[in-house]
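Quick look at work-v2.csv (CSV, C-alpha atoms):
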```csv
chain,number,residue,atom,x,y,z
A,233,MET,CA,44.1,17.1,-33.6
A,234,ALA,CA,41.5,17.9,-36.4
A,235,ALA,CA,41.7,14.3,-37.6
A,236,ALA,CA,41.0,13.0,-34.1
A,237,PHE,CA,38.0,15.3,-33.7
A,238,THR,CA,36.7,14.2,-37.1
A,239,GLY,CA,37.0,10.5,-36.1
A,240,SER,CA,35.2,11.2,-32.8
A,241,ALA,CA,32.4,13.0,-34.6
A,242,ALA,CA,32.0,10.2,-37.1
A,243,ARG,CA,31.7,7.6,-34.3
A,244,GLU,CA,29.0,9.7,-32.7
A,245,VAL,CA,27.1,9.9,-35.9
A,246,GLU,CA,27.2,6.1,-36.3
A,247,ASN,CA,25.9,5.7,-32.7
A,248,LEU,CA,22.9,7.9,-33.3
A,249,ARG,CA,19.6,6.1,-33.0
A,250,PRO,CA,17.6,6.0,-36.3
A,251,PRO,CA,14.3,7.9,-36.3
A,252,GLU,CA,11.3,6.0,-35.2
A,253,ALA,CA,8.7,4.9,-37.7
A,254,VAL,CA,6.2,7.5,-36.4
A,255,HIS,CA,8.7,10.3,-37.5
A,256,LEU,CA,9.1,8.9,-41.1
A,257,ALA,CA,6.9,9.4,-44.2
A,258,GLU,CA,5.5,6.5,-46.2
A,259,ASP,CA,8.6,6.6,-48.6
A,260,GLY,CA,11.0,6.3,-45.7
A,261,SER,CA,12.1,9.9,-45.7
A,262,ARG,CA,12.0,12.1,-42.5
A,263,ARG,CA,8.6,13.7,-42.0
A,264,ASP,CA,8.9,17.5,-41.8
A,265,ASP,CA,5.5,18.9,-42.6
A,266,GLY,CA,4.7,20.3,-39.2
A,267,ARG,CA,1.8,18.0,-38.6
A,268,PRO,CA,1.3,16.6,-35.1
A,269,ARG,CA,2.7,13.1,-34.7
A,270,HIS,CA,0.7,10.5,-32.9
A,271,MET,CA,1.5,7.0,-31.8
A,272,GLN,CA,-0.9,4.6,-30.3
A,273,SER,CA,-0.1,4.2,-26.6
A,274,GLN,CA,0.1,0.9,-24.8
A,275,THR,CA,-3.0,-0.4,-23.0
A,276,SER,CA,-3.3,0.9,-19.5
A,277,LEU,CA,-4.1,-1.4,-16.5
A,278,ARG,CA,-5.1,1.5,-14.3
A,279,SER,CA,-8.9,1.3,-14.7
A,280,GLN,CA,-9.2,0.2,-11.1
A,281,SER,CA,-8.1,3.6,-9.6
A,282,GLN,CA,-11.6,4.5,-8.4
A,283,ILE,CA,-12.2,1.4,-6.3
A,284,ALA,CA,-11.1,3.2,-3.1
A,285,SER,CA,-13.2,5.7,-1.2
A,286,ILE,CA,-11.5,9.1,-1.8
A,287,PRO,CA,-12.8,12.1,0.1
A,288,SER,CA,-13.2,14.9,-2.3
A,289,ASN,CA,-15.6,17.8,-2.8
A,290,THR,CA,-15.9,17.1,-6.5
A,291,GLY,CA,-16.1,13.4,-6.2
A,292,GLN,CA,-13.0,12.9,-8.4
A,293,ALA,CA,-9.5,12.3,-7.2
A,294,PRO,CA,-6.7,14.8,-8.2
A,295,PRO,CA,-4.3,13.6,-10.9
A,296,GLU,CA,-1.5,12.9,-8.4
A,297,ILE,CA,-3.8,10.8,-6.2
A,298,ALA,CA,-5.2,8.9,-9.1
A,299,GLU,CA,-1.6,8.1,-10.2
A,300,GLU,CA,-0.8,6.9,-6.7
A,301,LEU,CA,-3.9,4.8,-6.5
A,302,ALA,CA,-3.2,3.0,-9.8
A,303,TRP,CA,-4.3,-0.6,-9.5
A,304,GLY,CA,-1.5,-2.8,-8.2
A,305,PRO,CA,0.2,-3.7,-4.9
A,306,ALA,CA,0.3,0.0,-3.9
A,307,HIS,CA,-3.5,0.4,-4.2
A,308,PRO,CA,-5.4,0.5,-0.9
A,309,CYS,CA,-7.8,-2.2,-2.0
A,310,TYR,CA,-5.2,-4.6,-3.5
A,311,PRO,CA,-5.5,-8.0,-1.8
A,312,HIS,CA,-2.0,-9.2,-0.9
A,313,PHE,CA,-1.0,-12.8,-0.3
A,314,ASN,CA,-1.2,-13.6,3.4
A,315,PRO,CA,2.3,-13.5,4.8
A,316,HIS,CA,1.2,-14.4,8.3
A,317,VAL,CA,0.3,-18.0,7.6
A,318,PRO,CA,2.3,-21.0,6.2
A,319,ILE,CA,2.5,-21.0,2.4
A,320,GLY,CA,1.2,-24.5,2.1
A,321,SER,CA,-1.8,-24.0,4.4
A,322,GLN,CA,-5.4,-23.7,3.4
A,323,GLU,CA,-5.5,-20.2,4.8
A,324,TYR,CA,-2.8,-19.1,2.4
A,325,LEU,CA,-5.0,-20.2,-0.5
A,326,THR,CA,-8.3,-18.9,0.7
A,327,THR,CA,-7.4,-15.6,2.5
A,328,ARG,CA,-5.9,-12.3,1.5
A,329,VAL,CA,-4.6,-9.3,3.4
A,330,ILE,CA,-5.6,-5.7,2.9
A,331,ARG,CA,-2.9,-3.3,4.1
A,332,ILE,CA,-3.7,-0.1,5.8
A,333,ARG,CA,-0.6,2.1,5.4
A,334,ARG,CA,0.9,4.6,7.8
A,335,ASP,CA,-0.4,8.2,7.8
A,336,TRP,CA,2.6,10.5,8.4
A,337,MET,CA,0.4,13.6,8.4
A,338,ILE,CA,-1.1,12.9,11.8
A,339,LYS,CA,1.9,12.8,14.1
A,340,GLY,CA,4.8,12.6,11.7
A,341,ASP,CA,7.4,10.2,13.1
A,342,LEU,CA,6.4,10.7,16.8
A,343,ALA,CA,3.9,7.9,16.7
A,344,PRO,CA,3.0,5.2,14.1
A,345,THR,CA,-0.5,6.3,13.1
A,346,PHE,CA,-2.5,4.8,10.2
A,347,SER,CA,-4.6,6.1,7.4
A,348,ASN,CA,-8.4,6.1,7.7
A,349,LEU,CA,-8.9,5.9,3.9
A,350,TYR,CA,-11.6,3.2,3.6
A,351,PRO,CA,-10.8,0.4,1.1
A,352,GLU,CA,-14.2,-0.4,-0.4
A,353,ILE,CA,-13.1,-3.9,-1.0
A,354,LEU,CA,-13.8,-4.5,2.7
A,355,ASP,CA,-17.5,-3.9,2.2
A,356,PRO,CA,-19.7,-5.7,3.4
A,357,LEU,CA,-17.3,-7.7,5.6
A,358,LEU,CA,-16.2,-4.6,7.5
A,359,SER,CA,-18.4,-1.5,7.3
A,360,GLU,CA,-16.8,1.9,6.9
A,361,GLN,CA,-18.1,3.0,10.3
A,362,GLU,CA,-16.5,0.0,12.0
A,363,PHE,CA,-13.3,0.4,10.0
A,364,ARG,CA,-13.0,4.1,11.2
A,365,LYS,CA,-13.7,3.0,14.7
A,366,VAL,CA,-10.8,0.5,14.6
A,367,ILE,CA,-8.4,3.0,13.1
A,368,ALA,CA,-9.3,5.7,15.6
A,369,THR,CA,-8.9,3.3,18.5
A,370,VAL,CA,-5.5,2.1,17.3
A,371,ASN,CA,-4.2,5.6,16.5
A,372,GLU,CA,-5.4,7.0,19.9
A,373,GLY,CA,-3.6,4.1,21.7
A,374,VAL,CA,-0.3,4.4,20.0
A,375,ILE,CA,-0.3,8.2,20.2
A,376,LYS,CA,-0.8,7.9,23.9
A,377,ALA,CA,1.9,5.3,24.2
A,378,PHE,CA,4.6,7.2,22.2
A,379,ASP,CA,3.8,10.7,23.4
A,380,PRO,CA,7.3,12.2,23.9
A,381,TYR,CA,5.8,15.1,26.0
A,382,SER,CA,4.2,12.8,28.6
A,383,LEU,CA,5.5,13.2,32.1
A,384,ARG,CA,5.2,9.4,32.7
A,385,ASN,CA,7.3,8.7,29.6
A,386,TRP,CA,10.0,11.1,30.9
A,387,PHE,CA,9.9,9.5,34.3
A,388,ASP,CA,10.2,6.0,32.7
A,389,GLY,CA,13.1,7.1,30.6
A,390,ALA,CA,14.9,8.6,33.6
A,391,VAL,CA,14.3,5.6,35.9
A,392,GLY,CA,15.4,3.3,33.1
A,393,LEU,CA,18.7,5.2,32.6
A,394,LEU,CA,19.4,5.1,36.4
A,395,THR,CA,18.7,1.4,36.7
A,396,GLY,CA,20.6,0.4,33.7
A,397,TRP,CA,17.4,-0.4,31.8
A,398,VAL,CA,16.3,-3.0,34.4
A,399,TRP,CA,13.1,-0.9,34.7
A,400,ASP,CA,12.4,-1.7,31.0
A,401,ASP,CA,13.2,-5.4,31.5
A,402,LEU,CA,10.5,-5.5,34.2
A,403,ASN,CA,7.9,-4.1,31.7
A,404,ALA,CA,7.3,-1.3,34.1
A,405,PRO,CA,7.3,1.6,31.5
A,406,ARG,CA,3.8,2.8,30.6
A,407,VAL,CA,4.6,2.6,26.9
A,408,LYS,CA,4.8,-1.2,27.0
A,409,ARG,CA,1.6,-1.5,28.9
A,410,GLN,CA,-0.2,0.9,26.6
A,411,LEU,CA,0.9,-1.0,23.5
A,412,GLN,CA,-0.2,-4.3,25.1
A,413,HIS,CA,-3.6,-2.7,25.8
A,414,VAL,CA,-3.9,-1.9,22.0
A,415,GLU,CA,-3.0,-5.5,21.2
A,416,ASP,CA,-5.5,-6.8,23.7
A,417,TRP,CA,-8.2,-4.6,22.2
A,418,LEU,CA,-7.5,-5.9,18.7
A,419,GLU,CA,-7.7,-9.6,19.9
A,420,LYS,CA,-11.0,-8.8,21.6
A,421,TRP,CA,-12.3,-7.2,18.4
A,422,ASN,CA,-11.2,-10.2,16.4
A,423,ARG,CA,-13.2,-12.6,18.7
A,424,GLN,CA,-16.3,-10.5,19.1
A,425,VAL,CA,-16.7,-8.7,15.8
A,426,GLY,CA,-14.3,-9.9,13.1
A,427,SER,CA,-14.8,-13.7,13.5
A,428,LYS,CA,-18.4,-13.4,12.4
A,429,ASP,CA,-17.4,-12.5,8.8
A,430,GLY,CA,-13.9,-14.1,8.7
A,431,VAL,CA,-12.1,-10.9,9.3
A,432,HIS,CA,-8.9,-10.9,11.4
A,433,ILE,CA,-6.7,-7.9,12.2
A,434,TRP,CA,-3.1,-9.1,12.8
A,435,SER,CA,-0.9,-7.8,15.6
A,436,LEU,CA,0.9,-4.5,14.9
A,437,ARG,CA,4.1,-6.1,16.2
A,438,ARG,CA,4.0,-8.6,13.3
A,439,THR,CA,4.0,-5.7,10.8
A,440,ALA,CA,6.6,-3.6,12.8
A,441,TYR,CA,3.9,-0.9,13.1
A,442,MET,CA,4.3,-0.1,9.4
A,443,SER,CA,0.8,-1.2,8.4
A,444,ILE,CA,-2.4,-2.7,9.7
A,445,ASP,CA,-2.9,-6.0,8.0
A,446,ILE,CA,-6.6,-7.0,7.7
A,447,GLN,CA,-7.2,-10.6,6.7
A,448,ILE,CA,-10.3,-11.3,4.7
A,449,PRO,CA,-11.6,-14.2,2.5
A,450,ASP,CA,-10.1,-14.1,-1.0
A,451,PRO,CA,-12.2,-11.6,-3.0
A,452,LYS,CA,-10.9,-13.0,-6.3
A,453,VAL,CA,-9.4,-9.8,-7.4
A,454,GLY,CA,-6.0,-9.4,-9.0
A,455,ILE,CA,-3.9,-7.8,-11.8
A,456,VAL,CA,-5.2,-8.3,-15.3
A,457,PRO,CA,-2.7,-10.3,-17.3
A,458,SER,CA,-1.2,-8.6,-20.3
A,459,GLU,CA,-0.9,-11.8,-22.3
A,460,GLY,CA,-3.0,-14.8,-22.8
A,461,ALA,CA,-6.7,-15.2,-23.1
A,462,PRO,CA,-8.7,-12.1,-22.1
A,463,SER,CA,-10.9,-12.2,-19.0
A,464,LEU,CA,-14.6,-12.2,-19.1
A,465,ALA,CA,-16.4,-8.9,-19.2
A,466,ASN,CA,-16.8,-7.0,-15.9
A,467,THR,CA,-14.6,-9.5,-14.1
A,468,ARG,CA,-11.1,-9.7,-12.7
A,469,PRO,CA,-8.9,-12.8,-12.4
A,470,SER,CA,-8.6,-14.6,-9.1
A,471,THR,CA,-5.5,-14.0,-7.0
A,472,GLY,CA,-5.6,-17.6,-5.8
A,473,VAL,CA,-2.8,-20.0,-6.3
A,474,GLY,CA,-2.9,-23.6,-7.2
A,475,ASN,CA,-6.3,-23.3,-9.0
```
Can I see the file as structure tokens?
Amino acid sequence: MAAAFTGSAAREVENLRPPEAVHLAEDGSRRDDGRPRHMQSQTSLRSQSQIASIPSNTGQAPPEIAEELAWGPAHPCYPHFNPHVPIGSQEYLTTRVIRIRRDWMIKGDLAPTFSNLYPEILDPLLSEQEFRKVIATVNEGVIKAFDPYSLRNWFDGAVGLLTGWVWDDLNAPRVKRQLQHVEDWLEKWNRQVGSKDGVHIWSLRRTAYMSIDIQIPDPKVGIVPSEGAPSLANTRPSTGVGN
């Protein structure tokens, strides 16, 4: 029993990871002088965290928000490749999509509402005032459509149940008409406002109501590569493909 325990302890000692160089003295012995140990950290790519407009009394984002807004695909201003057009098309090469995410704090899971945090990358193509108007109109429309306490929605549900959902097949429920009204409003906005500056808001049905995809011309903004030649000062690499 003791021999088995000794053998197990020996194997554990052999599997121990050797101390890192920062913990060793110049002669290779373990440093134990009580001095603080510092190691140079890796270069951070999160210098773009202030590109979004963050409402705050102090003008600075809290640490948890700054972490969430680290530059990358999760950042509100990040230009995504356009998934709504064919990959080989000219639009795929020259346009990008800014995603407006769901805001669960407005109605929770009762209605698919969206955040009114203004991505400054939209300026000057889409002003902050016009952006908030679009978000407010969409949120108001979907809240009205999905309101679970609406008497009309209760009526549509009861009639649909009694008719074996034939009522729904006839597009008679108000929720479908209300959602179509929101889609019609977005199409009208695209024609009258967005087309002037090359801005297009895609149908909420294409994103399954999980985001509002705003198509804009490629702003030539992307993730700074960690290897290769450095970029020019005060510039970011293009997100274009096939350049």
(Q) If we count all atoms listed in the file and set the cut-off at 10 Å, which residues sit around Val370 (chain A), ignoring sequence neighbours fewer than 2 positions away in its own chain? Please answer as an MDAnalysis selection string. (A) chainID A and resid 344:346 364:368 372:376 411 413:415 417:418 436 444
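In this comparison, which uses only C-alpha atoms, the residue of A:Asp401, A:Arg334, A:His307, A:Arg328 approaching Ala440 (chain A) most closely is A:Arg334.
With only C-alpha atoms as the atoms that count, the minimum distance from Lys408 (chain A) to the choices A:Ala377, A:Gln424, A:Gly396, A:Leu325 is reached by A:Ala377.
Counting from CA of Asp416 (chain A), the distance to CA of Ser321 (chain A) is 26.1 Å.
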In Å and to one decimal, CA of Gln447 (chain A) is distant from CA of Trp336 (chain A) by 23.3 Å
As a check of understanding: the span from CA of Gln361 (chain A) to CA of Val425 (chain A) is 13.0 Å
